[in-house]
file query29.cif (mmCIF, C-alpha atoms and all ligand atoms)
data_query
#
loop_
_atom_site.label_atom_id
_atom_site.label_comp_id
_atom_site.auth_asym_id
_atom_site.auth_seq_id
_atom_site.Cartn_x
_atom_site.Cartn_y
_atom_site.Cartn_z
CA MET B 235 109.74 98.71 47.69
CA THR B 236 106.21 99.85 46.88
CA GLN B 237 105.65 103.59 46.55
CA LEU B 238 106.19 105.25 49.95
CA LEU B 239 102.99 106.77 51.33
CA TRP B 240 104.72 110.06 51.98
CA GLN B 241 107.04 110.26 48.96
CA LYS B 242 107.23 113.74 47.31
CA PRO B 243 107.28 114.01 43.52
CA GLY B 244 110.79 114.39 42.15
CA VAL B 245 112.51 113.66 45.49
CA LYS B 246 114.55 110.49 45.41
CA VAL B 247 114.71 108.43 48.57
CA ASP B 248 118.24 107.24 49.21
CA GLU B 249 118.31 103.49 49.71
CA ARG B 250 120.73 103.48 52.58
CA ILE B 251 118.69 106.09 54.37
CA GLN B 252 115.54 104.15 53.70
CA ARG B 253 117.14 101.05 55.14
CA PHE B 254 118.17 102.99 58.22
CA LEU B 255 114.67 104.41 58.68
CA ALA B 256 112.89 101.13 58.24
CA GLY B 257 115.64 98.75 59.36
CA GLU B 258 114.07 95.53 60.51
CA ASP B 259 110.88 97.48 61.23
CA VAL B 260 108.68 95.86 58.65
CA ILE B 261 109.76 92.42 59.84
CA LEU B 262 108.94 93.36 63.43
CA ASP B 263 105.53 94.53 62.23
CA ARG B 264 104.68 90.90 61.51
CA GLU B 265 104.06 90.54 65.25
CA PHE B 266 101.47 93.29 65.10
CA PHE B 267 99.99 92.57 61.70
CA LEU B 268 96.83 90.72 62.71
CA PHE B 269 96.11 93.32 65.39
CA ASP B 270 96.69 96.11 62.88
CA ILE B 271 94.21 94.45 60.52
CA GLN B 272 91.69 94.06 63.35
CA ALA B 273 92.03 97.75 64.23
CA SER B 274 91.72 98.71 60.55
CA ARG B 275 88.39 96.95 60.43
CA ALA B 276 87.12 98.79 63.51
CA HIS B 277 88.35 102.08 62.05
CA ALA B 278 86.54 101.38 58.76
CA GLU B 279 83.32 100.59 60.64
CA GLY B 280 83.68 103.91 62.42
CA LEU B 281 84.20 105.70 59.08
CA GLN B 282 81.02 104.15 57.75
CA GLN B 283 79.11 105.32 60.84
CA ILE B 284 80.12 108.93 60.18
CA GLY B 285 79.40 108.77 56.45
CA ILE B 286 82.93 108.58 55.02
CA LEU B 287 82.37 105.07 53.67
CA THR B 288 79.19 103.59 52.24
CA ALA B 289 77.87 100.29 53.56
CA ASP B 290 79.07 98.59 50.36
CA GLU B 291 82.51 100.06 50.68
CA LEU B 292 82.70 98.86 54.28
CA ASP B 293 81.68 95.37 53.18
CA GLY B 294 84.49 95.36 50.64
CA ILE B 295 87.03 96.51 53.21
CA ARG B 296 85.90 93.94 55.75
CA ARG B 297 86.10 91.19 53.16
CA GLU B 298 89.57 92.20 51.96
CA LEU B 299 90.91 92.61 55.48
CA ALA B 300 89.67 89.14 56.38
CA ALA B 301 91.29 87.73 53.23
CA LEU B 302 94.54 89.51 54.06
CA ALA B 303 94.52 88.08 57.59
CA ASP B 304 93.93 84.59 56.19
CA ASP B 305 96.63 84.98 53.55
CA PHE B 306 99.10 86.25 56.12
CA SER B 307 98.36 83.44 58.58
CA ALA B 308 98.66 80.84 55.83
CA GLY B 309 101.92 82.32 54.52
CA ARG B 310 100.39 83.36 51.20
CA PHE B 311 100.98 87.01 52.00
CA VAL B 312 104.49 87.80 53.17
CA LEU B 313 105.14 91.04 55.01
CA ASP B 314 108.68 91.94 53.99
CA GLU B 315 110.93 94.74 52.75
CA GLN B 316 108.83 95.43 49.69
CA PHE B 317 106.69 97.42 52.13
CA GLU B 318 107.82 100.28 54.33
CA ASP B 319 105.92 98.85 57.28
CA GLY B 320 102.87 96.79 58.18
CA HIS B 321 100.59 99.81 58.16
CA SER B 322 101.37 100.74 54.58
CA ALA B 323 101.12 97.10 53.55
CA ILE B 324 97.50 96.98 54.70
CA GLU B 325 96.65 100.16 52.84
CA ALA B 326 98.50 99.01 49.71
CA ARG B 327 96.57 95.75 49.68
CA LEU B 328 93.20 97.50 50.08
CA ILE B 329 94.06 99.87 47.23
CA GLU B 330 95.22 97.02 45.03
CA ARG B 331 91.98 95.12 45.62
CA LEU B 332 89.45 97.94 46.03
CA GLY B 333 90.85 101.00 44.25
CA ASP B 334 89.33 104.24 45.52
CA THR B 335 87.65 102.53 48.46
CA GLY B 336 91.09 101.44 49.64
CA ARG B 337 92.32 104.99 49.18
CA ARG B 338 89.75 106.11 51.77
CA ILE B 339 90.88 103.83 54.65
CA HIS B 340 93.43 106.25 56.05
CA THR B 341 90.87 109.05 56.50
CA GLY B 342 91.17 110.31 60.07
CA ARG B 343 94.02 108.10 61.17
CA SER B 344 97.78 108.19 61.29
CA ARG B 345 100.35 105.48 61.46
CA ASN B 346 101.06 106.98 64.88
CA ASP B 347 97.73 105.84 66.31
CA GLN B 348 97.82 102.69 64.17
CA VAL B 349 101.03 101.51 65.78
CA LEU B 350 99.74 102.57 69.20
CA VAL B 351 96.56 100.57 68.94
CA ALA B 352 98.31 97.50 67.54
CA THR B 353 100.87 97.65 70.35
CA ARG B 354 98.14 97.99 72.94
CA LEU B 355 96.24 94.95 71.64
CA TRP B 356 99.50 92.98 71.54
CA LEU B 357 100.42 93.93 75.11
CA LYS B 358 96.98 92.92 76.36
CA ASP B 359 97.33 89.53 74.71
CA ARG B 360 100.78 88.95 76.19
CA LEU B 361 99.85 90.13 79.68
CA ALA B 362 96.89 87.75 79.67
CA ARG B 363 99.34 84.94 78.90
CA VAL B 364 101.67 86.03 81.68
CA ALA B 365 98.74 86.03 84.13
CA ALA B 366 97.50 82.61 83.00
CA LEU B 367 100.95 81.01 83.21
CA CYS B 368 101.65 82.48 86.65
CA ARG B 369 98.28 81.24 87.82
CA GLU B 370 99.03 77.76 86.50
CA SER B 371 102.44 77.69 88.20
CA ALA B 372 100.86 78.87 91.45
CA GLU B 373 98.29 76.11 91.19
CA VAL B 374 100.96 73.43 90.82
CA ALA B 375 103.01 74.91 93.65
CA LEU B 376 100.01 75.07 95.95
CA ALA B 377 99.01 71.47 95.25
CA ARG B 378 102.54 70.33 96.05
CA ALA B 379 102.69 72.55 99.14
CA THR B 380 99.62 70.72 100.44
CA ALA B 381 100.96 67.26 99.61
CA GLU B 382 104.49 67.89 100.90
CA ALA B 383 103.73 70.23 103.80
CA SER B 384 105.92 68.41 106.32
CA LEU B 385 108.64 66.88 104.17
CA PRO B 386 111.73 68.31 105.91
CA ILE B 387 114.42 70.27 104.12
CA PRO B 388 117.04 72.61 105.57
CA GLY B 389 116.06 76.26 105.67
CA TYR B 390 118.95 78.59 104.94
CA THR B 391 119.79 82.19 105.71
CA HIS B 392 123.06 83.55 104.27
CA LEU B 393 123.25 80.10 102.63
CA GLN B 394 124.01 78.75 106.12
CA ARG B 395 121.79 76.12 107.72
CA ALA B 396 119.26 78.00 109.84
CA MET B 397 116.09 76.12 110.78
CA VAL B 398 114.32 73.00 109.66
CA SER B 399 112.02 73.99 106.84
CA SER B 400 109.81 71.88 104.63
CA ALA B 401 109.18 71.28 100.98
CA GLY B 402 105.69 72.62 101.72
CA MET B 403 107.12 75.92 102.93
CA TRP B 404 109.27 76.15 99.83
CA TRP B 405 106.31 75.45 97.58
CA ALA B 406 104.06 77.87 99.47
CA ALA B 407 106.56 80.64 98.79
CA TRP B 408 106.32 80.11 95.05
CA ALA B 409 102.57 79.66 95.19
CA GLU B 410 102.12 83.02 96.87
CA GLY B 411 104.75 84.63 94.65
CA PHE B 412 103.13 83.51 91.43
CA ILE B 413 99.67 84.46 92.71
CA ASP B 414 101.06 87.97 93.30
CA ASP B 415 102.61 87.95 89.83
CA ALA B 416 99.35 86.86 88.20
CA VAL B 417 97.48 89.61 90.05
CA ARG B 418 100.09 92.13 88.98
CA ALA B 419 99.85 91.07 85.32
CA ARG B 420 96.06 91.30 85.47
CA ASP B 421 96.09 94.70 87.14
CA THR B 422 98.57 95.95 84.56
CA LEU B 423 96.42 94.56 81.79
CA ALA B 424 93.47 96.55 83.15
CA TRP B 425 95.69 99.63 83.34
CA VAL B 426 96.90 99.42 79.73
CA ASP B 427 93.42 98.50 78.47
CA ALA B 428 92.80 101.91 76.86
CA ASN B 429 92.06 102.60 73.19
CA PRO B 430 94.34 105.18 71.53
CA LEU B 431 92.78 104.80 68.07
CA GLY B 432 91.28 108.11 66.98
CA SER B 433 94.10 110.21 68.42
CA ALA B 434 95.59 110.25 64.88
CA ALA B 435 99.01 111.89 64.73
CA GLY B 436 98.61 113.06 68.33
CA TYR B 437 96.31 116.03 67.76
CA GLY B 438 93.00 114.43 66.78
CA VAL B 439 91.19 115.11 63.50
CA ASN B 440 88.42 117.43 62.37
CA LEU B 441 85.95 114.57 62.10
CA PRO B 442 83.54 113.15 64.67
CA LEU B 443 85.37 109.80 64.73
CA ALA B 444 83.36 106.94 66.24
CA ARG B 445 85.80 106.41 69.09
CA ASP B 446 83.21 104.74 71.31
CA HIS B 447 82.60 102.25 68.54
CA THR B 448 86.27 101.37 68.00
CA THR B 449 86.78 101.12 71.77
CA HIS B 450 83.94 98.67 72.07
CA ALA B 451 84.65 96.75 68.85
CA LEU B 452 88.28 96.16 69.81
CA GLY B 453 87.33 95.02 73.32
CA PHE B 454 89.00 97.87 75.20
CA GLY B 455 87.96 98.68 78.73
CA ARG B 456 88.10 102.42 78.12
CA MET B 457 88.94 105.10 75.61
CA GLN B 458 92.20 106.96 75.86
CA VAL B 459 90.84 110.45 75.66
CA ALA B 460 93.56 113.05 75.22
CA ALA B 461 95.14 112.70 71.78
CA THR B 462 98.52 114.02 72.86
CA TYR B 463 98.61 111.83 75.96
CA ALA B 464 98.00 108.82 73.72
CA GLN B 465 101.40 109.57 72.17
CA LEU B 466 102.95 110.22 75.58
CA SER B 467 101.70 106.83 76.72
CA ARG B 468 103.75 105.07 74.06
CA GLY B 469 106.64 103.48 75.89
CA LYS B 470 105.15 104.30 79.28
CA PHE B 471 102.55 101.55 78.90
CA GLU B 472 105.16 99.21 77.42
CA MET B 473 107.32 99.78 80.48
CA ALA B 474 104.43 98.98 82.81
CA ALA B 475 103.84 95.73 80.94
CA ILE B 476 107.52 94.85 81.09
CA ASP B 477 107.54 95.55 84.83
CA ALA B 478 104.68 93.12 85.33
CA LEU B 479 106.51 90.51 83.27
CA GLY B 480 109.69 91.28 85.19
CA ALA B 481 108.03 90.64 88.56
CA ALA B 482 107.23 87.10 87.42
CA LEU B 483 110.66 86.58 85.91
CA LEU B 484 112.37 87.70 89.11
CA ASP B 485 110.58 84.88 90.90
CA VAL B 486 111.56 82.51 88.10
CA ARG B 487 115.16 83.63 88.44
CA ARG B 488 115.30 82.87 92.16
CA LEU B 489 113.41 79.62 91.86
CA ALA B 490 115.84 78.56 89.13
CA TRP B 491 118.74 79.48 91.39
CA ASP B 492 117.37 77.24 94.14
CA LEU B 493 117.02 74.41 91.67
CA SER B 494 120.52 74.72 90.33
CA LEU B 495 121.83 74.56 93.89
CA PHE B 496 119.50 71.75 94.91
CA THR B 497 120.41 69.62 91.90
CA SER B 498 124.15 69.88 92.55
CA ALA B 499 125.81 66.80 94.07
CA GLU B 500 126.66 68.90 97.13
CA PHE B 501 122.98 69.44 97.96
CA GLY B 502 121.40 66.57 96.04
CA PHE B 503 117.86 67.47 97.15
CA VAL B 504 116.20 67.51 93.75
CA ALA B 505 116.17 65.54 90.51
CA LEU B 506 114.96 67.47 87.49
CA PRO B 507 112.71 65.85 84.90
CA ALA B 508 115.08 64.28 82.35
CA GLU B 509 113.88 66.46 79.50
CA TYR B 510 114.92 69.55 81.44
CA THR B 511 118.56 68.47 81.44
CA THR B 512 121.17 68.23 78.71
CA GLY B 513 124.51 66.52 78.24
CA SER B 514 128.03 67.73 77.59
CA SER B 515 129.85 67.49 74.27
CA ILE B 516 133.03 66.30 75.98
CA MET B 517 132.15 65.01 79.44
CA PRO B 518 130.12 61.82 79.01
CA ASN B 519 129.16 61.81 82.67
CA LYS B 520 127.31 65.14 82.70
CA ARG B 521 123.61 65.93 83.12
CA ASN B 522 123.36 69.69 83.11
CA PRO B 523 120.44 71.87 84.20
CA ASP B 524 120.63 74.06 81.07
CA VAL B 525 116.90 74.70 80.88
CA VAL B 526 116.77 75.99 84.42
CA GLU B 527 119.78 78.18 83.72
CA LEU B 528 118.20 79.75 80.65
CA MET B 529 115.02 80.31 82.63
CA ARG B 530 117.14 82.13 85.19
CA ALA B 531 118.86 84.19 82.49
CA SER B 532 115.59 85.24 80.87
CA TYR B 533 115.18 88.09 83.32
CA SER B 534 118.15 89.82 81.70
CA ALA B 535 116.17 90.35 78.47
CA VAL B 536 113.35 91.89 80.48
CA ALA B 537 115.69 94.22 82.33
CA ALA B 538 117.44 95.20 79.11
CA ALA B 539 114.15 95.96 77.36
CA ARG B 540 113.02 98.12 80.23
CA THR B 541 116.23 100.09 80.13
CA GLU B 542 116.06 100.49 76.34
CA ILE B 543 112.54 101.91 76.47
CA GLU B 544 113.28 104.13 79.44
CA GLN B 545 116.22 105.61 77.53
CA LEU B 546 114.01 106.22 74.48
CA LEU B 547 111.50 108.19 76.50
CA SER B 548 113.72 111.18 77.01
CA LEU B 549 111.60 113.14 74.52
CA PRO B 550 109.31 116.14 74.37
CA SER B 551 105.60 115.51 73.77
CA GLY B 552 104.35 114.47 70.34
CA TYR B 553 105.39 111.58 68.11
CA HIS B 554 109.07 110.96 67.44
CA ARG B 555 110.52 108.20 65.31
CA ASP B 556 112.70 107.23 68.29
CA LEU B 557 109.64 105.45 69.63
CA GLN B 558 109.88 102.86 66.89
CA PHE B 559 112.66 101.12 68.82
CA SER B 560 110.26 100.26 71.62
CA LYS B 561 108.86 97.48 69.43
CA GLY B 562 111.96 95.31 69.27
CA ALA B 563 112.38 95.75 73.01
CA ILE B 564 108.95 94.42 73.95
CA PHE B 565 109.18 91.53 71.48
CA HIS B 566 112.52 90.49 72.92
CA ALA B 567 111.38 90.79 76.53
CA PHE B 568 108.09 88.96 76.09
CA GLY B 569 109.63 86.40 73.73
CA ARG B 570 112.20 85.38 76.31
CA GLY B 571 109.97 85.90 79.33
CA LEU B 572 106.99 83.93 78.08
CA GLY B 573 109.35 81.23 76.80
CA ALA B 574 110.56 80.72 80.37
CA LEU B 575 107.12 80.96 81.97
CA GLU B 576 105.70 78.40 79.54
CA LEU B 577 108.17 75.77 80.73
CA LEU B 578 107.59 76.43 84.41
CA PRO B 579 104.36 74.56 85.26
CA ASP B 580 105.64 71.21 83.94
CA LEU B 581 109.00 71.69 85.58
CA LEU B 582 107.29 72.26 88.92
CA ARG B 583 104.87 69.39 88.41
CA ASN B 584 107.63 66.90 87.66
CA LEU B 585 110.56 67.77 89.85
CA GLU B 586 111.40 65.07 92.32
CA TRP B 587 112.61 65.45 95.87
CA LYS B 588 115.30 63.22 97.38
CA PRO B 589 113.96 62.98 100.96
CA GLU B 590 116.88 60.94 102.30
CA ARG B 591 119.36 63.63 101.17
CA MET B 592 117.17 66.37 102.61
CA ARG B 593 116.95 64.61 105.99
CA ALA B 594 120.69 63.90 105.98
CA ALA B 595 121.33 67.63 105.67
CA LEU B 596 119.47 68.46 108.89
CA ASP B 597 121.52 68.86 112.02
CA PRO B 598 120.58 69.36 115.67
CA SER B 599 121.58 73.03 115.70
CA MET B 600 118.59 73.71 113.49
CA TYR B 601 116.34 72.95 116.46
CA ALA B 602 117.74 75.84 118.53
CA THR B 603 115.20 78.46 117.48
CA ASP B 604 112.22 76.16 118.00
CA LEU B 605 113.65 75.23 121.40
CA ALA B 606 113.93 78.89 122.42
CA VAL B 607 110.32 79.49 121.41
CA ASP B 608 109.20 76.31 123.22
CA LEU B 609 110.83 77.56 126.42
CA ALA B 610 109.27 80.99 125.98
CA ARG B 611 105.87 79.38 125.50
CA GLN B 612 106.38 77.63 128.84
CA GLY B 613 106.79 81.05 130.46
CA MET B 614 110.51 81.87 130.30
CA PRO B 615 111.33 85.41 129.01
CA PHE B 616 112.48 84.97 125.43
CA ARG B 617 115.92 86.53 125.97
CA ASP B 618 116.66 83.98 128.74
CA ALA B 619 115.26 81.15 126.61
CA TYR B 620 117.47 82.29 123.75
CA LYS B 621 120.54 81.96 125.99
CA GLN B 622 119.59 78.48 127.15
CA ALA B 623 118.83 77.36 123.61
CA ALA B 624 122.29 78.46 122.51
CA ASP B 625 123.74 75.54 124.48
CA PRO B 626 124.53 72.69 122.03
CA ALA B 627 123.91 70.18 124.81
CA ARG B 628 120.23 71.08 124.75
CA TRP B 629 119.73 70.61 121.01
CA ALA B 630 119.89 66.86 121.34
CA GLU B 631 116.67 67.04 123.42
CA GLY B 632 114.73 68.07 120.39
CA ASP B 633 113.31 66.20 117.50
CA PRO B 634 113.73 68.57 114.55
CA GLU B 635 110.95 66.92 112.59
CA ALA B 636 108.48 67.12 115.46
CA SER B 637 109.30 70.76 115.99
CA LEU B 638 108.85 71.35 112.28
CA ALA B 639 105.37 69.82 112.52
CA ALA B 640 104.39 72.60 114.92
CA ARG B 641 105.23 75.12 112.20
CA VAL B 642 103.74 73.53 109.14
CA SER B 643 100.96 71.05 109.94
CA PRO B 644 97.39 72.06 109.17
CA GLY B 645 95.72 73.09 112.41
CA ALA B 646 99.07 73.39 114.25
CA ALA B 647 100.19 76.66 115.80
CA GLY B 648 102.21 77.50 112.73
CA ASP B 649 99.68 76.26 110.17
CA LEU B 650 100.90 77.23 106.66
CA ARG B 651 97.43 78.71 105.95
CA LEU B 652 97.36 77.30 102.47
CA ASP B 653 93.59 77.83 102.62
CA VAL B 654 94.18 81.58 102.27
CA LEU B 655 96.34 81.02 99.21
CA GLN B 656 93.71 78.71 97.77
CA GLN B 657 91.09 81.47 98.12
CA ARG B 658 93.32 83.96 96.30
CA LEU B 659 93.98 81.43 93.59
CA ASP B 660 90.27 80.69 93.18
CA ALA B 661 89.61 84.40 92.84
CA LEU B 662 91.96 84.46 89.84
CA ARG B 663 89.84 82.08 87.79
N1 LIG B 701 107.18 102.36 62.43
C1 LIG B 701 106.67 103.53 63.05
C2 LIG B 701 106.81 103.42 64.56
O1 LIG B 701 106.90 102.32 65.06
C3 LIG B 701 105.24 103.73 62.70
C4 LIG B 701 104.78 105.16 62.81
C5 LIG B 701 105.40 105.97 61.76
N2 LIG B 701 105.00 107.34 61.90
C6 LIG B 701 105.71 108.36 61.38
N3 LIG B 701 105.26 109.53 61.55
N4 LIG B 701 106.81 108.15 60.70
O2 LIG B 701 106.83 104.40 65.23
#

call {"tool": "encode", "arguments": {"input": "query29.cif", "output": "structure tokens"}}
result
Amino acid sequence: MTQLLWQKPGVKVDERIQRFLAGEDVILDREFFLFDIQASRAHAEGLQQIGILTADELDGIRRELAALADDFSAGRFVLDEQFEDGHSAIEARLIERLGDTGRRIHTGRSRNDQVLVATRLWLKDRLARVAALCRESAEVALARATAEASLPIPGYTHLQRAMVSSAGMWWAAWAEGFIDDAVRARDTLAWVDANPLGSAAGYGVNLPLARDHTTHALGFGRMQVAATYAQLSRGKFEMAAIDALGAALLDVRRLAWDLSLFTSAEFGFVALPAEYTTGSSIMPNKRNPDVVELMRASYSAVAAARTEIEQLLSLPSGYHRDLQFSKGAIFHAFGRGLGALELLPDLLRNLEWKPERMRAALDPSMYATDLAVDLARQGMPFRDAYKQAADPARWAEGDPEASLAARVSPGAAGDLRLDVLQQRLDALR
């Protein structure tokens, strides 16, 4: 390992203890590395503005940071256990290449605000992806809701046949759900869009740091003002981001549940795209919906990450090394969560209904509620209509598909109002 930034002369650092302190930390820092480099550049620009660096020194730092980013992306620079963490690796590289100029980069900053700002930039990037993927899934669902508005399918409550529903109603549910999830991810992004760089160790520094500059240069919506709150926001902002991701993954989980039921032989309503199924090692006959099942399971990583961070946050104000564990949690949650969301639009685009199986699963009892409402519309008090419509003899009068049309056709009494969803979707562009 390179010399530790904080090592005291004559004090040996025990290797086992060092491994415990750093653990897999430096490897996790790979996720943040490009953001850390980006923030280092903004910090250096700020230092030049307040006279700590000359214009030439800033040029050198910018050049070396760009080279480091390129080397890292191309695999020529490997961030591994020879460094304590990503932050010290950046400083070590600048010192190696620039000598004293490199030794100036850490003026007015701490690894505490370095990790905060890198995390914040990372969360913004991931939330933008969550929003975009939810929007794309909503778009597919809405297009299919329009095309398949009146394709009948049983509607269930308590998993018992309830009323005739339609593929369009099913799709509209996911369209509206994923629009909500995209809005939530966007709103959360705006909420976490605050620059903590300049808060240093949590108590500011006795320098007029160019915080407006770093806020602007890093594309933040606002500055996070109170240095100590910047530390308090570590974990809190991560939890908000995980909650936004979790909202989307909850919808994925339930959608996946529907699909695993609908693809079973007992329902037989849906055929999955072939690439979304797998075979069995022993049963030659099987086509299994493994992909859908792992999409369903992905929520568990999100829930676990939320719990892990929430448990970490039982701390007084100020930085504590405990907070380091929040990194693995967000990487795990977003890794799994985005993995599932990325597969969703194509799954939705390509799943195939089996209309004959869906129609075969309708039965006359499912007309009873529409019949009661029809009678009420003709003037009968609803409670009396309800009693009459409970008589199985009367169900045969109805045509379940025609009654469905009154609930789902554009312009009908029960128009699905997909136009409203379309407007919300358009507003998300
Ligand atoms: N790896 C550390 C973390 O994630 C970086 C900050 C270290 N700061 C400190 N004072 N030891 O929290």

call {"tool": "residues_near_ligand", "arguments": {"input": "query29.cif", "ligand": "ligand LIG 701 (chain B)", "cutoff": "12 Å", "atoms": "all atoms listed in the file", "output": "ChimeraX atom specification"}}
result
/B:238-241,252,254-264,266,270,317-323,343-353,434-436,465,468-469,546,552-563

call {"tool": "atom_distance", "arguments": {"input": "query29.cif", "atom1": "CA of Arg331 (chain B)", "atom2": "CA of Gly280 (chain B)"}}
result
20.7 Å

call {"tool": "residues_around", "arguments": {"input": "query29.cif", "residues": "region 581-585 of chain B", "least_positions_apart": "3", "cutoff": "12 Å", "atoms": "all atoms listed in the file", "output": "MDAnalysis selection string"}}
result
chainID B and resid 368 370:379 401 404:405 408:409 486 489:490 493 496:497 503:511 523 525:526 529 574:578 588

call {"tool": "write_last_selection", "arguments": {"input": "query29.cif", "atoms": "C-alpha atoms", "output": "PDB file, in the coordinates of the input"}}
result
ATOM      1  CA  CYS B 368     101.650  82.480  86.650  1.00  0.00           C
ATOM      2  CA  GLU B 370      99.030  77.760  86.500  1.00  0.00           C
ATOM      3  CA  SER B 371     102.440  77.690  88.200  1.00  0.00           C
ATOM      4  CA  ALA B 372     100.860  78.870  91.450  1.00  0.00           C
ATOM      5  CA  GLU B 373      98.290  76.110  91.190  1.00  0.00           C
ATOM      6  CA  VAL B 374     100.960  73.430  90.820  1.00  0.00           C
ATOM      7  CA  ALA B 375     103.010  74.910  93.650  1.00  0.00           C
ATOM      8  CA  LEU B 376     100.010  75.070  95.950  1.00  0.00           C
ATOM      9  CA  ALA B 377      99.010  71.470  95.250  1.00  0.00           C
ATOM     10  CA  ARG B 378     102.540  70.330  96.050  1.00  0.00           C
ATOM     11  CA  ALA B 379     102.690  72.550  99.140  1.00  0.00           C
ATOM     12  CA  ALA B 401     109.180  71.280 100.980  1.00  0.00           C
ATOM     13  CA  TRP B 404     109.270  76.150  99.830  1.00  0.00           C
ATOM     14  CA  TRP B 405     106.310  75.450  97.580  1.00  0.00           C
ATOM     15  CA  TRP B 408     106.320  80.110  95.050  1.00  0.00           C
ATOM     16  CA  ALA B 409     102.570  79.660  95.190  1.00  0.00           C
ATOM     17  CA  VAL B 486     111.560  82.510  88.100  1.00  0.00           C
ATOM     18  CA  LEU B 489     113.410  79.620  91.860  1.00  0.00           C
ATOM     19  CA  ALA B 490     115.840  78.560  89.130  1.00  0.00           C
ATOM     20  CA  LEU B 493     117.020  74.410  91.670  1.00  0.00           C
ATOM     21  CA  PHE B 496     119.500  71.750  94.910  1.00  0.00           C
ATOM     22  CA  THR B 497     120.410  69.620  91.900  1.00  0.00           C
ATOM     23  CA  PHE B 503     117.860  67.470  97.150  1.00  0.00           C
ATOM     24  CA  VAL B 504     116.200  67.510  93.750  1.00  0.00           C
ATOM     25  CA  ALA B 505     116.170  65.540  90.510  1.00  0.00           C
ATOM     26  CA  LEU B 506     114.960  67.470  87.490  1.00  0.00           C
ATOM     27  CA  PRO B 507     112.710  65.850  84.900  1.00  0.00           C
ATOM     28  CA  ALA B 508     115.080  64.280  82.350  1.00  0.00           C
ATOM     29  CA  GLU B 509     113.880  66.460  79.500  1.00  0.00           C
ATOM     30  CA  TYR B 510     114.920  69.550  81.440  1.00  0.00           C
ATOM     31  CA  THR B 511     118.560  68.470  81.440  1.00  0.00           C
ATOM     32  CA  PRO B 523     120.440  71.870  84.200  1.00  0.00           C
ATOM     33  CA  VAL B 525     116.900  74.700  80.880  1.00  0.00           C
ATOM     34  CA  VAL B 526     116.770  75.990  84.420  1.00  0.00           C
ATOM     35  CA  MET B 529     115.020  80.310  82.630  1.00  0.00           C
ATOM     36  CA  ALA B 574     110.560  80.720  80.370  1.00  0.00           C
ATOM     37  CA  LEU B 575     107.120  80.960  81.970  1.00  0.00           C
ATOM     38  CA  GLU B 576     105.700  78.400  79.540  1.00  0.00           C
ATOM     39  CA  LEU B 577     108.170  75.770  80.730  1.00  0.00           C
ATOM     40  CA  LEU B 578     107.590  76.430  84.410  1.00  0.00           C
ATOM     41  CA  LYS B 588     115.300  63.220  97.380  1.00  0.00           C
TER      42      LYS B 588
END

call {"tool": "atom_distance", "arguments": {"input": "query29.cif", "atom1": "CA of Gln458 (chain B)", "atom2": "CA of Ile286 (chain B)"}}
result
22.9 Å

call {"tool": "residues_near_point", "arguments": {"input": "query29.cif", "point": "(101.8, 83.3, 88.6)", "cutoff": "12 Å", "atoms": "only C-alpha atoms", "output": "ChimeraX atom specification"}}
result
/B:361-376,407-420,478-486,572,575-576,578-579,658-659,662

call {"tool": "atom_distance", "arguments": {"input": "query29.cif", "atom1": "CA of Leu355 (chain B)", "atom2": "CA of Thr288 (chain B)"}}
result
27.2 Å

call {"tool": "closest_residue", "arguments": {"input": "query29.cif", "among": "B:His277, B:Val312, B:Pro388, B:Thr512", "to": "Arg296 (chain B)", "atoms": "all atoms listed in the file"}}
result
B:His277

call {"tool": "closest_residue", "arguments": {"input": "query29.cif", "among": "B:Ser514, B:Thr541, B:Ser494, B:Thr448", "to": "Asp477 (chain B)", "atoms": "all atoms listed in the file"}}
result
B:Thr541

call {"tool": "residues_around", "arguments": {"input": "query29.cif", "residues": "Leu385 (chain B)", "least_positions_apart": "3", "cutoff": "7 Å", "atoms": "only C-alpha atoms", "output": "list in words"}}
result
Glu382, Ser400, Ala401 and Gly402 of chain B

call {"tool": "residues_around", "arguments": {"input": "query29.cif", "residues": "Ile329 (chain B)", "least_positions_apart": "5", "cutoff": "10 Å", "atoms": "all atoms listed in the file", "output": "JSON, numbers by chain"}}
result
{"B": [295, 323, 324, 334, 335, 336, 337, 338, 339]}

call {"tool": "residues_around", "arguments": {"input": "query29.cif", "residues": "Ala624 (chain B)", "least_positions_apart": "5", "cutoff": "10 Å", "atoms": "all atoms listed in the file", "output": "ChimeraX atom specification"}}
result
/B:599,602-603,605-606,619,629

call {"tool": "closest_residue", "arguments": {"input": "query29.cif", "among": "B:Lys470, B:Arg354, B:Arg297, B:Arg487", "to": "Pro430 (chain B)", "atoms": "all atoms listed in the file"}}
result
B:Arg354

call {"tool": "closest_residue", "arguments": {"input": "query29.cif", "among": "B:Ala460, B:Ala381, B:Ile516, B:Ile543", "to": "Ser643 (chain B)", "atoms": "all atoms listed in the file"}}
result
B:Ala381

call {"tool": "residues_around", "arguments": {"input": "query29.cif", "residues": "Tyr390 (chain B)", "least_positions_apart": "5", "cutoff": "10 Å", "atoms": "all atoms listed in the file", "output": "MDAnalysis selection string"}}
result
chainID B and resid 395:399 600

call {"tool": "write_last_selection", "arguments": {"input": "query29.cif", "atoms": "C-alpha atoms", "output": "compact mmCIF listing (two decimals), in the frame of the given file"}}
result
# COMPACT_ATOMS: atom_id res chain seq x y z
CA ARG B 395 121.79 76.12 107.72
CA ALA B 396 119.26 78.00 109.84
CA MET B 397 116.09 76.12 110.78
CA VAL B 398 114.32 73.00 109.66
CA SER B 399 112.02 73.99 106.84
CA MET B 600 118.59 73.71 113.49
